[in-house]
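The file query.txt contains compact mmCIF, C-alpha atoms:
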```
# COMPACT_ATOMS: atom_id res chain seq x y z
CA MET A 1 0.00 0.00 0.00
CA ARG A 2 1.38 3.40 -1.05
CA THR A 3 0.00 5.98 1.33
CA LEU A 4 0.42 9.73 1.55
CA ALA A 5 -0.63 11.28 4.86
CA ILE A 6 -1.51 14.94 4.35
CA ALA A 7 -2.56 17.89 6.44
CA ALA A 8 -4.40 20.63 4.54
CA ILE A 9 -4.56 23.69 6.79
CA GLN A 10 -7.52 25.90 5.93
CA THR A 11 -6.16 29.10 7.46
CA THR A 12 -5.57 32.80 6.81
CA PRO A 13 -2.55 35.08 6.52
CA VAL A 14 -2.10 38.24 8.55
CA ALA A 15 -3.02 40.65 5.78
CA HIS A 16 -0.14 42.77 4.49
CA ASP A 17 2.17 41.58 7.29
CA LEU A 18 4.79 39.21 5.91
CA ASP A 19 6.63 38.60 9.18
CA ALA A 20 3.51 37.89 11.23
CA THR A 21 2.21 35.61 8.49
CA TRP A 22 5.47 33.67 8.45
CA ASP A 23 5.30 33.21 12.23
CA ARG A 24 1.72 31.96 11.93
CA PHE A 25 2.64 29.53 9.16
CA ALA A 26 5.71 28.16 10.94
CA ARG A 27 3.77 27.73 14.18
CA GLN A 28 0.99 25.83 12.40
CA VAL A 29 3.45 23.53 10.61
CA ARG A 30 5.23 22.75 13.87
CA SER A 31 1.87 22.08 15.53
CA VAL A 32 0.95 19.61 12.78
CA ARG A 33 4.27 17.84 13.30
CA ALA A 34 3.65 17.58 17.05
CA THR A 35 -0.04 16.66 16.87
CA PHE A 36 -0.10 14.36 13.84
CA PRO A 37 3.32 12.66 13.68
CA HIS A 38 2.24 10.37 10.83
CA VAL A 39 1.66 13.30 8.44
CA GLN A 40 4.10 13.49 5.51
CA LEU A 41 2.94 16.58 3.60
CA VAL A 42 1.47 19.91 4.70
CA VAL A 43 -0.24 22.36 2.35
CA VAL A 44 -1.61 25.86 3.03
CA PRO A 45 -3.75 28.15 0.84
CA GLU A 46 -2.74 30.16 -2.21
CA LEU A 47 -0.65 33.30 -1.50
CA MET A 48 -0.59 32.55 2.23
CA LEU A 49 3.05 33.59 2.68
CA ALA A 50 2.48 36.59 0.40
CA ALA A 51 0.13 37.85 3.16
CA GLU A 52 -2.49 38.75 0.59
CA ALA A 53 -5.54 40.61 1.96
CA PRO A 54 -9.24 39.81 1.43
CA LEU A 55 -10.49 40.86 -2.00
CA LEU A 56 -11.98 44.26 -1.13
CA ASP A 57 -9.03 45.15 1.11
CA ALA A 58 -6.40 44.29 -1.49
CA ARG A 59 -3.77 46.87 -2.47
CA ALA A 60 -2.78 47.30 -6.08
CA ASP A 61 0.89 47.65 -5.17
CA TRP A 62 1.05 44.71 -2.76
CA MET A 63 1.94 42.11 -5.38
CA THR A 64 5.12 44.00 -6.28
CA GLU A 65 5.97 44.68 -2.65
CA ALA A 66 5.53 41.05 -1.60
CA ALA A 67 7.25 39.46 -4.62
CA VAL A 68 10.38 37.41 -3.89
CA PRO A 69 12.96 35.54 -5.96
CA ILE A 70 12.78 31.75 -6.14
CA PRO A 71 15.11 30.46 -4.84
CA GLY A 72 15.82 33.18 -2.31
CA PRO A 73 15.72 34.04 1.40
CA LEU A 74 12.06 33.08 1.83
CA THR A 75 12.41 29.71 0.17
CA ASP A 76 15.55 29.14 2.27
CA ARG A 77 13.42 29.65 5.39
CA ILE A 78 10.82 27.24 4.07
CA GLY A 79 13.57 24.70 3.42
CA GLU A 80 14.89 25.08 6.95
CA LEU A 81 11.39 24.48 8.34
CA ALA A 82 10.99 21.40 6.14
CA ARG A 83 14.30 20.00 7.43
CA GLU A 84 13.39 20.80 11.04
CA THR A 85 10.01 19.05 10.83
CA GLY A 86 10.89 16.31 8.34
CA LEU A 87 7.85 17.26 6.26
CA TRP A 88 7.09 17.84 2.62
CA LEU A 89 5.78 21.42 2.40
CA VAL A 90 3.59 22.98 -0.26
CA PRO A 91 3.41 26.48 1.24
CA GLY A 92 0.52 27.70 -0.86
CA SER A 93 1.93 29.97 -3.53
CA LEU A 94 4.22 32.99 -3.62
CA TYR A 95 4.48 36.11 -5.69
CA GLU A 96 7.67 35.30 -7.59
CA ARG A 97 9.83 38.09 -8.95
CA ALA A 98 11.49 36.36 -11.89
CA ASP A 99 14.69 37.11 -13.78
CA ASP A 100 12.60 38.07 -16.82
CA GLY A 101 11.15 41.03 -14.89
CA ASN A 102 7.69 39.52 -14.53
CA VAL A 103 5.81 38.55 -11.38
CA TYR A 104 4.29 35.08 -11.32
CA ASN A 105 1.94 33.33 -8.90
CA THR A 106 4.15 30.36 -8.10
CA ALA A 107 3.65 27.22 -6.03
CA ILE A 108 6.61 25.22 -4.79
CA ALA A 109 7.03 21.80 -3.23
CA VAL A 110 9.86 21.52 -0.72
CA SER A 111 11.22 18.14 0.33
CA PRO A 112 12.09 17.09 3.90
CA ASP A 113 15.72 17.68 2.88
CA GLY A 114 14.87 21.34 2.37
CA GLU A 115 15.24 21.22 -1.42
CA ILE A 116 12.81 22.75 -3.90
CA ALA A 117 11.48 19.64 -5.65
CA ALA A 118 9.05 21.50 -7.93
CA ARG A 119 8.19 25.06 -8.98
CA TYR A 120 4.94 25.76 -10.80
CA ARG A 121 3.83 29.11 -12.20
CA LYS A 122 0.04 29.46 -12.36
CA VAL A 123 -0.94 28.91 -15.98
CA PHE A 124 -4.45 30.36 -15.64
CA PRO A 125 -4.50 33.50 -13.42
CA TRP A 126 -8.01 34.69 -12.57
CA GLN A 127 -8.16 37.38 -15.22
CA PRO A 128 -8.91 40.25 -15.37
CA TYR A 129 -8.63 40.46 -11.57
CA GLU A 130 -5.20 38.89 -11.19
CA THR A 131 -2.34 40.65 -12.92
CA THR A 132 0.42 38.06 -12.50
CA THR A 133 2.05 36.79 -15.69
CA PRO A 134 0.70 33.38 -16.78
CA GLY A 135 3.03 30.39 -16.63
CA SER A 136 3.41 28.10 -19.60
CA GLU A 137 3.91 24.53 -18.34
CA PHE A 138 2.50 22.01 -15.89
CA VAL A 139 4.63 20.47 -13.17
CA VAL A 140 4.75 17.18 -11.24
CA PHE A 141 7.13 15.87 -8.60
CA ASP A 142 7.94 12.51 -7.06
CA ILE A 143 7.63 11.61 -3.39
CA PRO A 144 10.07 8.70 -3.06
CA GLY A 145 8.44 5.44 -2.06
CA VAL A 146 4.97 6.95 -2.38
CA GLY A 147 4.08 8.28 -5.82
CA ARG A 148 3.83 11.34 -8.01
CA ALA A 149 1.99 14.58 -7.26
CA GLY A 150 1.03 17.51 -9.46
CA LEU A 151 0.62 21.18 -8.63
CA ALA A 152 -2.26 23.45 -9.62
CA ILE A 153 -3.40 26.80 -8.24
CA CYS A 154 -7.00 27.91 -7.73
CA TYR A 155 -8.50 29.00 -11.10
CA ASP A 156 -6.38 26.41 -12.92
CA GLY A 157 -9.04 23.91 -11.88
CA SER A 158 -11.63 25.62 -14.07
CA PHE A 159 -9.70 24.48 -17.16
CA PRO A 160 -9.89 20.71 -17.84
CA GLU A 161 -6.52 20.85 -19.58
CA THR A 162 -4.81 21.37 -16.22
CA VAL A 163 -5.57 18.14 -14.39
CA ARG A 164 -5.66 16.13 -17.61
CA GLN A 165 -2.09 17.19 -18.36
CA LEU A 166 -0.97 16.52 -14.79
CA ALA A 167 -2.51 13.05 -14.92
CA TRP A 168 -0.82 12.44 -18.27
CA LEU A 169 2.47 13.41 -16.62
CA GLY A 170 1.85 10.68 -14.04
CA ALA A 171 0.27 12.60 -11.15
CA GLU A 172 -1.83 10.45 -8.82
CA VAL A 173 -2.74 13.35 -6.54
CA VAL A 174 -3.15 17.02 -7.45
CA ILE A 175 -2.36 19.57 -4.74
CA GLN A 176 -4.36 22.73 -5.49
CA PRO A 177 -3.91 25.66 -3.08
CA THR A 178 -6.71 28.16 -3.58
CA LEU A 179 -7.74 31.67 -2.55
CA THR A 180 -11.41 32.12 -3.38
CA THR A 181 -13.40 34.90 -1.74
CA THR A 182 -16.43 34.87 -4.03
CA ARG A 183 -19.70 32.95 -4.26
CA ASP A 184 -18.61 30.84 -7.22
CA ARG A 185 -16.93 28.46 -4.76
CA GLU A 186 -19.64 25.88 -5.45
CA MET A 187 -18.58 25.75 -9.10
CA GLU A 188 -14.96 25.18 -8.05
CA LEU A 189 -16.07 22.21 -5.99
CA VAL A 190 -17.95 20.84 -8.99
CA CYS A 191 -14.74 21.18 -11.00
CA ALA A 192 -12.69 19.47 -8.28
CA ARG A 193 -14.97 16.44 -8.37
CA ALA A 194 -15.10 16.38 -12.15
CA ASN A 195 -11.32 16.72 -12.47
CA ALA A 196 -10.80 13.87 -10.00
CA TRP A 197 -13.34 11.57 -11.66
CA THR A 198 -12.47 12.17 -15.31
CA ASN A 199 -8.74 11.74 -14.67
CA GLN A 200 -9.04 9.21 -11.83
CA VAL A 201 -6.74 11.09 -9.43
CA TYR A 202 -7.03 12.55 -5.95
CA VAL A 203 -7.63 16.30 -5.80
CA VAL A 204 -6.76 18.28 -2.67
CA ASN A 205 -8.42 21.67 -3.17
CA LEU A 206 -7.46 23.84 -0.21
CA ASN A 207 -9.06 27.28 0.13
CA ALA A 208 -8.32 30.05 2.63
CA ALA A 209 -10.57 30.44 5.66
CA ASP A 210 -12.85 33.38 6.35
CA PRO A 211 -12.19 36.34 6.07
CA ALA A 212 -9.38 35.77 3.53
CA GLY A 213 -11.52 33.27 1.62
CA VAL A 214 -14.79 31.39 1.92
CA GLY A 215 -13.24 28.08 2.96
CA GLN A 216 -15.05 24.89 1.90
CA SER A 217 -11.81 23.07 1.18
CA ALA A 218 -12.25 19.54 -0.14
CA ILE A 219 -10.38 16.29 -0.60
CA VAL A 220 -11.77 14.27 -3.50
CA ASP A 221 -10.88 10.68 -4.33
CA PRO A 222 -10.23 9.17 -7.81
CA GLU A 223 -13.90 8.22 -8.16
CA GLY A 224 -15.04 11.81 -7.61
CA ILE A 225 -16.26 11.13 -4.06
CA VAL A 226 -15.69 13.90 -1.52
CA ARG A 227 -13.76 12.39 1.37
CA GLN A 228 -13.74 15.57 3.44
CA GLN A 229 -15.12 19.07 3.09
CA ALA A 230 -14.53 21.99 5.45
CA GLY A 231 -16.81 24.81 6.50
CA PRO A 232 -15.95 28.51 6.16
CA GLY A 233 -13.69 28.93 9.20
CA GLU A 234 -10.24 27.74 10.21
CA GLU A 235 -9.91 23.96 10.04
CA ILE A 236 -7.36 21.28 9.34
CA LEU A 237 -8.14 18.38 7.04
CA VAL A 238 -5.96 15.39 7.89
CA ASP A 239 -6.23 12.37 5.61
CA VAL A 240 -4.27 9.34 4.45
CA LEU A 241 -4.51 8.91 0.69
CA ASP A 242 -4.01 5.39 -0.65
CA LEU A 243 -2.37 6.01 -4.02
CA ASP A 244 -2.88 2.38 -4.98
CA THR A 245 -6.54 3.37 -5.22
CA VAL A 246 -5.63 5.29 -8.39
CA THR A 247 -4.24 2.07 -9.87
CA ARG A 248 -7.33 0.10 -8.83
CA VAL A 249 -9.81 2.63 -10.15
CA ARG A 250 -8.01 2.93 -13.48
CA GLU A 251 -7.87 -0.84 -13.88
CA PHE A 252 -11.38 -1.75 -12.75
CA GLY A 253 -13.23 1.52 -13.28
CA SER A 254 -14.91 4.18 -11.16
CA ALA A 255 -17.68 2.42 -9.23
CA GLY A 256 -16.21 -0.70 -10.80
CA ILE A 257 -17.57 0.40 -14.19
CA ASN A 258 -16.09 3.45 -15.93
CA ARG A 259 -12.55 3.48 -17.34
CA PRO A 260 -12.11 6.86 -19.09
CA TRP A 261 -8.33 6.97 -18.72
CA ALA A 262 -7.84 3.45 -20.13
CA GLN A 263 -10.18 4.26 -23.02
CA LEU A 264 -8.17 7.35 -23.94
CA ALA A 265 -4.97 5.34 -23.84
CA SER A 266 -6.48 2.64 -26.07
CA TYR A 267 -7.48 4.70 -29.08
CA GLY A 268 -7.16 8.37 -28.21
CA ALA A 269 -4.38 8.72 -30.77
CA ASP A 270 -6.99 8.35 -33.53
CA ILE A 271 -9.19 11.19 -32.24
CA LYS A 272 -8.70 14.47 -34.07
CA LEU A 273 -8.45 17.43 -31.71
CA PRO A 274 -8.68 20.58 -33.86
CA MET A 275 -8.52 22.82 -30.78
CA TYR A 276 -4.98 21.53 -30.21
CA GLY A 277 -3.82 21.60 -33.81
CA GLY A 278 -5.54 18.42 -34.92
CA GLY A 279 -3.29 15.83 -33.32
CA GLY A 280 -4.74 13.00 -31.28
CA PHE A 281 -4.21 12.08 -27.67
CA THR A 282 -0.70 10.68 -27.20
CA PRO A 283 -0.57 7.73 -24.80
CA ARG A 284 1.99 8.26 -22.05
CA PRO A 285 5.02 5.94 -22.33
```
Go ahead and render the structure in this file as structure tokens.
Amino acid sequence: MRTLAIAAIQTTPVAHDLDATWDRFARQVRSVRATFPHVQLVVVPELMLAAEAPLLDARADWMTEAAVPIPGPLTDRIGELARETGLWLVPGSLYERADDGNVYNTAIAVSPDGEIAARYRKVFPWQPYETTTPGSEFVVFDIPGVGRAGLAICYDGSFPETVRQLAWLGAEVVIQPTLTTTRDREMELVCARANAWTNQVYVVNLNAADPAGVGQSAIVDPEGIVRQQAGPGEEILVDVLDLDTVTRVREFGSAGINRPWAQLASYGADIKLPMYGGGGFTPRP
């Protein structure tokens, strides 16, 4: 059995206070380590360490002020915390000030050795409200002895290409930090279930708590079944994901019936996809 024990902390930053937000984050991670010693990976909401404010309190200049290089001093601190606790950390996402002069909304995965194992720039910013530069590629990373995870951020989940590509790259679980403050949260949860079912992967969709977000974080299994769903306030969702379930569901079907991923692999190459230049689905080696 390949299991991944996770703690998804539905929490809030201290708006526009980077130091206080870091202290809050580090304290919560250490508390998870002490309270749930079996946990392997901790995730917090989108832009947590950027100390982003609730939507109507946001400042136009804050993105530039909070942007940091990756790697850099902040990611060094995250790495030190990962080494101290022995945890995989997906610290939401950061405003990344890149060498090309742009600012990206970037999620990282940091290993228990303190190394950046993956860096993903949000491909689908919530336009026109978000002004970060879109990324251009999807990213997965391996957790040795467990399996492969993919990264997505918030609005990425509204585009089926995101989780389909991550699944094609071998992801068995998609970690999706989110910062949703609006009443379309229900549609995001529909997408989380659909993305999990149609690609037969786990989806961990973690939103910020009130007042930074509207909460309702969810963990969805490869058959599209919601394992856990939070309310609006601060909560922690602790779960143990059996990644062999992905293998079982893909082999025998969701509900023991439906095998969409196997069907795509069987003859998807013959399907013309004009939206993508006409080529068919390419089975993964």
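Nearest to A:Arg227 of all the residues A:Gln127, A:Asn205, A:Thr64, A:Thr247 is A:Asn205, counting all atoms listed in the file.
Picture a line from atom CA of A:Ala209 to atom CA of A:Ala26; it runs 17.3 Å.
The smallest atom-to-atom distance between A:Glu251 and any of A:Pro274, A:Pro222, A:Gly157, A:Gly215, using all atoms listed in the file, is found for A:Pro222.
Picture a line from atom CA of A:Ala51 to atom CA of A:Ala230; it runs 21.7 Å.
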task: Please return, as a ChimeraX atom specification, all polymer residues that have at least one atom within 9 Å of the point (-12.8, 10.8, -13.7); use only C-alpha atoms and the file's own coordinate frame.
output: /A:193-201,222-224,254,258-261
I need the residues from that last selection saved to file as a short mmCIF file (atom, residue, chain, number, x, y, z; two decimals), in the frame of the given file (with C-alpha atoms), if you can.
```cif
data_model
loop_
_atom_site.label_atom_id
_atom_site.label_comp_id
_atom_site.auth_asym_id
_atom_site.auth_seq_id
_atom_site.Cartn_x
_atom_site.Cartn_y
_atom_site.Cartn_z
CA ARG A 193 -14.97 16.44 -8.37
CA ALA A 194 -15.10 16.38 -12.15
CA ASN A 195 -11.32 16.72 -12.47
CA ALA A 196 -10.80 13.87 -10.00
CA TRP A 197 -13.34 11.57 -11.66
CA THR A 198 -12.47 12.17 -15.31
CA ASN A 199 -8.74 11.74 -14.67
CA GLN A 200 -9.04 9.21 -11.83
CA VAL A 201 -6.74 11.09 -9.43
CA PRO A 222 -10.23 9.17 -7.81
CA GLU A 223 -13.90 8.22 -8.16
CA GLY A 224 -15.04 11.81 -7.61
CA SER A 254 -14.91 4.18 -11.16
CA ASN A 258 -16.09 3.45 -15.93
CA ARG A 259 -12.55 3.48 -17.34
CA PRO A 260 -12.11 6.86 -19.09
CA TRP A 261 -8.33 6.97 -18.72
#
```
statement: From the list A:Val43, A:Leu169, A:Ala255, A:Leu49, the nearest residue to A:Arg284 using all atoms listed in the file is A:Leu169
field: Surrounding residues of A:Glu46 excluding itself and chain neighbours under 4 positions, 6 Å, all atoms listed in the file, as a PyMOL selection string
entry: chain A and resi 92-93+177-179
task: Can you pull out every residue within 12 Å of A:Glu65, counting all atoms listed in the file, but drop anything in the same chain fewer than 2 positions away, and send it as number ranges by chain?
output: A: 16-18, 50-52, 59-63, 67-69, 94-97, 103
